[in-house]
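S.K.: Provided below: my_file_29.cif, containing mmCIF, C-alpha atoms.
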data_model
loop_
_atom_site.label_atom_id
_atom_site.label_comp_id
_atom_site.auth_asym_id
_atom_site.auth_seq_id
_atom_site.Cartn_x
_atom_site.Cartn_y
_atom_site.Cartn_z
CA MET A 15 51.76 -1.17 -5.87
CA THR A 16 54.66 -3.36 -6.82
CA GLY A 17 58.25 -2.49 -5.97
CA SER A 18 59.20 -1.66 -9.54
CA THR A 19 56.24 0.42 -10.73
CA LEU A 20 53.63 2.86 -9.44
CA THR A 21 49.93 3.35 -9.98
CA ILE A 22 48.85 6.79 -11.12
CA GLY A 23 47.75 7.66 -7.59
CA ALA A 24 51.05 6.57 -6.07
CA LEU A 25 52.94 8.45 -8.78
CA ALA A 26 50.95 11.62 -8.12
CA ARG A 27 51.52 11.38 -4.35
CA ALA A 28 55.25 10.72 -4.76
CA ALA A 29 55.64 13.72 -7.07
CA GLY A 30 53.42 16.03 -5.01
CA VAL A 31 50.82 16.60 -7.73
CA ASN A 32 47.27 15.42 -8.21
CA VAL A 33 46.14 12.66 -10.55
CA GLU A 34 44.54 15.13 -12.97
CA THR A 35 47.89 16.90 -13.31
CA VAL A 36 49.52 13.60 -14.28
CA ARG A 37 46.81 13.01 -16.88
CA TYR A 38 47.14 16.54 -18.23
CA TYR A 39 50.92 16.19 -18.59
CA GLN A 40 50.32 12.95 -20.47
CA ARG A 41 47.86 14.65 -22.85
CA ILE A 42 50.30 17.43 -23.68
CA GLY A 43 53.27 15.09 -24.02
CA LEU A 44 55.33 15.99 -20.95
CA LEU A 45 54.88 12.51 -19.51
CA GLU A 46 54.68 9.24 -21.37
CA THR A 47 51.50 7.21 -20.97
CA PRO A 48 52.36 3.59 -20.22
CA PRO A 49 50.32 0.91 -21.91
CA ARG A 50 47.29 -0.43 -20.05
CA PRO A 51 47.47 -4.17 -19.53
CA ALA A 52 44.47 -6.19 -20.70
CA ARG A 53 43.41 -6.55 -17.08
CA GLY A 54 44.61 -3.96 -14.69
CA TYR A 55 45.94 -0.48 -14.25
CA ARG A 56 48.70 1.38 -15.99
CA ARG A 57 51.97 1.15 -14.12
CA TYR A 58 54.48 3.98 -14.13
CA PRO A 59 58.23 3.61 -13.72
CA HIS A 60 59.89 5.41 -10.81
CA SER A 61 61.63 7.65 -13.35
CA ALA A 62 58.21 9.28 -13.91
CA VAL A 63 58.41 10.71 -10.37
CA ARG A 64 61.70 12.37 -11.22
CA ARG A 65 60.24 13.78 -14.44
CA LEU A 66 57.19 15.20 -12.67
CA ARG A 67 59.40 16.77 -10.02
CA PHE A 68 61.51 18.30 -12.80
CA VAL A 69 58.36 19.85 -14.30
CA ARG A 70 57.25 21.24 -10.93
CA ARG A 71 60.67 22.73 -10.17
CA ALA A 72 60.91 24.28 -13.64
CA GLN A 73 57.43 25.79 -13.22
CA ALA A 74 58.51 27.23 -9.86
CA LEU A 75 61.33 29.00 -11.72
CA GLY A 76 58.78 30.50 -14.10
CA PHE A 77 59.26 28.25 -17.12
CA SER A 78 56.12 27.68 -19.19
CA LEU A 79 55.06 24.15 -20.08
CA ARG A 80 56.30 24.75 -23.64
CA GLU A 81 59.69 25.81 -22.31
CA ILE A 82 59.74 22.82 -19.98
CA ALA A 83 59.10 20.54 -22.95
CA GLU A 84 62.13 22.13 -24.64
CA LEU A 85 64.27 21.54 -21.56
CA LEU A 86 63.10 17.94 -21.33
CA SER A 87 63.95 17.39 -24.99
CA LEU A 88 67.57 18.28 -24.24
CA ASN A 89 67.70 15.12 -22.11
CA ASP A 90 70.83 16.18 -20.19
CA GLY A 91 72.44 17.09 -23.50
CA ASP A 92 74.11 20.32 -24.53
CA CYS A 93 74.26 22.66 -21.55
CA GLY A 94 74.60 25.58 -23.96
CA GLU A 95 71.05 25.09 -25.19
CA ALA A 96 69.75 24.92 -21.63
CA ARG A 97 71.70 28.07 -20.78
CA VAL A 98 70.11 29.93 -23.70
CA LEU A 99 66.62 28.95 -22.49
CA ALA A 100 67.48 29.97 -18.92
CA GLN A 101 68.99 33.27 -20.14
CA ARG A 102 65.78 34.08 -22.01
CA LYS A 103 63.77 33.30 -18.89
CA LEU A 104 66.07 35.48 -16.78
CA GLU A 105 65.68 38.40 -19.19
CA SER A 106 61.90 37.97 -19.09
CA VAL A 107 61.93 38.00 -15.29
CA GLU A 108 64.10 41.13 -15.26
CA ARG A 109 61.67 42.89 -17.63
CA ARG A 110 58.73 41.93 -15.41
CA MET A 111 60.62 43.14 -12.33
CA ALA A 112 61.27 46.51 -14.01
CA ASP A 113 57.58 46.74 -14.97
CA LEU A 114 56.59 45.93 -11.39
CA ALA A 115 59.03 48.54 -10.03
CA ARG A 116 57.39 51.17 -12.26
CA LEU A 117 53.94 50.00 -11.14
CA ARG A 118 55.01 50.14 -7.50
CA ALA A 119 56.35 53.68 -7.88
CA ARG A 120 53.15 54.85 -9.59
CA LEU A 121 50.96 53.27 -6.89
CA ALA A 122 53.14 54.75 -4.14
CA ASP A 123 52.70 58.20 -5.73
CA MET A 124 48.93 57.71 -5.81
CA VAL A 125 48.81 56.57 -2.18
CA GLU A 126 50.93 59.57 -1.17
CA ALA A 127 48.67 61.93 -3.12
CA CYS A 128 45.67 60.51 -1.24
CA ARG A 129 47.49 60.88 2.08
CA HIS A 130 48.14 64.59 1.40
CA ASN A 131 44.58 65.09 0.20
CA ALA A 132 42.92 63.78 3.38
CA GLY A 133 39.77 65.75 4.09
CA SER A 134 39.88 67.62 0.78
CA HIS A 135 37.26 67.41 -1.90
CA GLY A 136 37.83 64.65 -4.47
CA CYS A 137 40.27 61.79 -4.47
CA PRO A 138 43.44 62.18 -6.56
CA LEU A 139 43.75 58.40 -7.03
CA ILE A 140 40.21 58.05 -8.35
CA GLY A 141 40.70 61.19 -10.43
CA SER A 142 43.91 59.96 -12.01
CA LEU A 143 42.36 56.59 -12.83
CA SER A 144 39.36 58.35 -14.40
CA ASP A 145 41.38 60.89 -16.39
CA PRO A 146 42.16 59.62 -19.91
CA ASP A 147 45.15 62.02 -20.13
CA THR A 148 46.88 60.51 -17.07
CA PRO A 149 49.62 58.08 -18.13
CA SER A 150 49.10 54.53 -16.92
#
Translate this file's structure into structure tokens.
M.R.:
Amino acid sequence: MTGSTLTIGALARAAGVNVETVRYYQRIGLLETPPRPARGYRRYPHSAVRRLRFVRRAQALGFSLREIAELLSLNDGDCGEARVLAQRKLESVERRMADLARLRARLADMVEACRHNAGSHGCPLIGSLSDPDTPS
């Protein structure tokens, strides 16, 4: 590895991803593929580490790869556009949280029904999952 560029392995290690992830991001256009010299390996600029870390952090916040590509296309441009994307993501997360809260409440009811049914004939949880008239 020279001081100014990185091999794909060094890039992957520096960004905390594996080599196949780097190759995948190249195929889908999130990371530029440097030219391969006639004799030798492709060399990546250190800015590629920053870009890969950006992708990982955005994924950790729940952004899809398509959304990450949109964010990358802004290239530190209009913050308003980035805010709109983040607002959409926030609304999606809030909807999922509400769905999960409903799911949690339903499961808690089922667990409680089983607790009160201990020793009785038939399981209310199994029964409610089997009954087509029980709301999901």
S.K.: Calculated over all atoms listed in the file, which of the candidates A:Thr19, A:His60, A:Pro138, A:Leu79 has the smallest distance to Ile42 in chain A?
M.R.: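 Selected residue with least distance to Ile42 in chain A: A:Leu79.
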S.K.: Around (57.3, 32.5, -16.1), as given in the file, which residues come within 9 Å? Count all atoms listed in the file and list them as an mmCIF file with C-alpha atoms, keeping the file's coordinate frame.
M.R.:
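New file selection_33.cif:
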data_model
loop_
_atom_site.group_PDB
_atom_site.id
_atom_site.type_symbol
_atom_site.label_atom_id
_atom_site.label_comp_id
_atom_site.auth_asym_id
_atom_site.auth_seq_id
_atom_site.Cartn_x
_atom_site.Cartn_y
_atom_site.Cartn_z
ATOM 1 C CA GLN A 73 57.430 25.790 -13.220
ATOM 2 C CA ALA A 74 58.510 27.230 -9.860
ATOM 3 C CA LEU A 75 61.330 29.000 -11.720
ATOM 4 C CA GLY A 76 58.780 30.500 -14.100
ATOM 5 C CA PHE A 77 59.260 28.250 -17.120
ATOM 6 C CA SER A 78 56.120 27.680 -19.190
ATOM 7 C CA LYS A 103 63.770 33.300 -18.890
ATOM 8 C CA SER A 106 61.900 37.970 -19.090
ATOM 9 C CA VAL A 107 61.930 38.000 -15.290
#
S.K.: Select, from A:Gly91, A:Pro49, A:Gly54, A:Pro59, the residue with the minimum atom-to-atom distance to Ala28 in chain A, counting all atoms listed in the file.
M.R.: A:Pro59
S.K.: Would you compute the box with edges along x, y and z of the file around range 20-37 of chain A, including every atom the file lists for it and 4 Å extra on each side, and give its centre and edge lengths in Å to one decimal, as lines of an AutoDock Vina configuration file?
M.R.:
center_x = 50.1
center_y = 9.9
center_z = -10.6
size_x = 19.1
size_y = 22.0
size_z = 20.5
S.K.: Have a look at CA of Glu81 in chain A and CA of Leu45 in chain A and let me know their distance in Å, one decimal.
M.R.: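 Taking CA of Glu81 in chain A and CA of Leu45 in chain A, their separation equals 14.4 Å.
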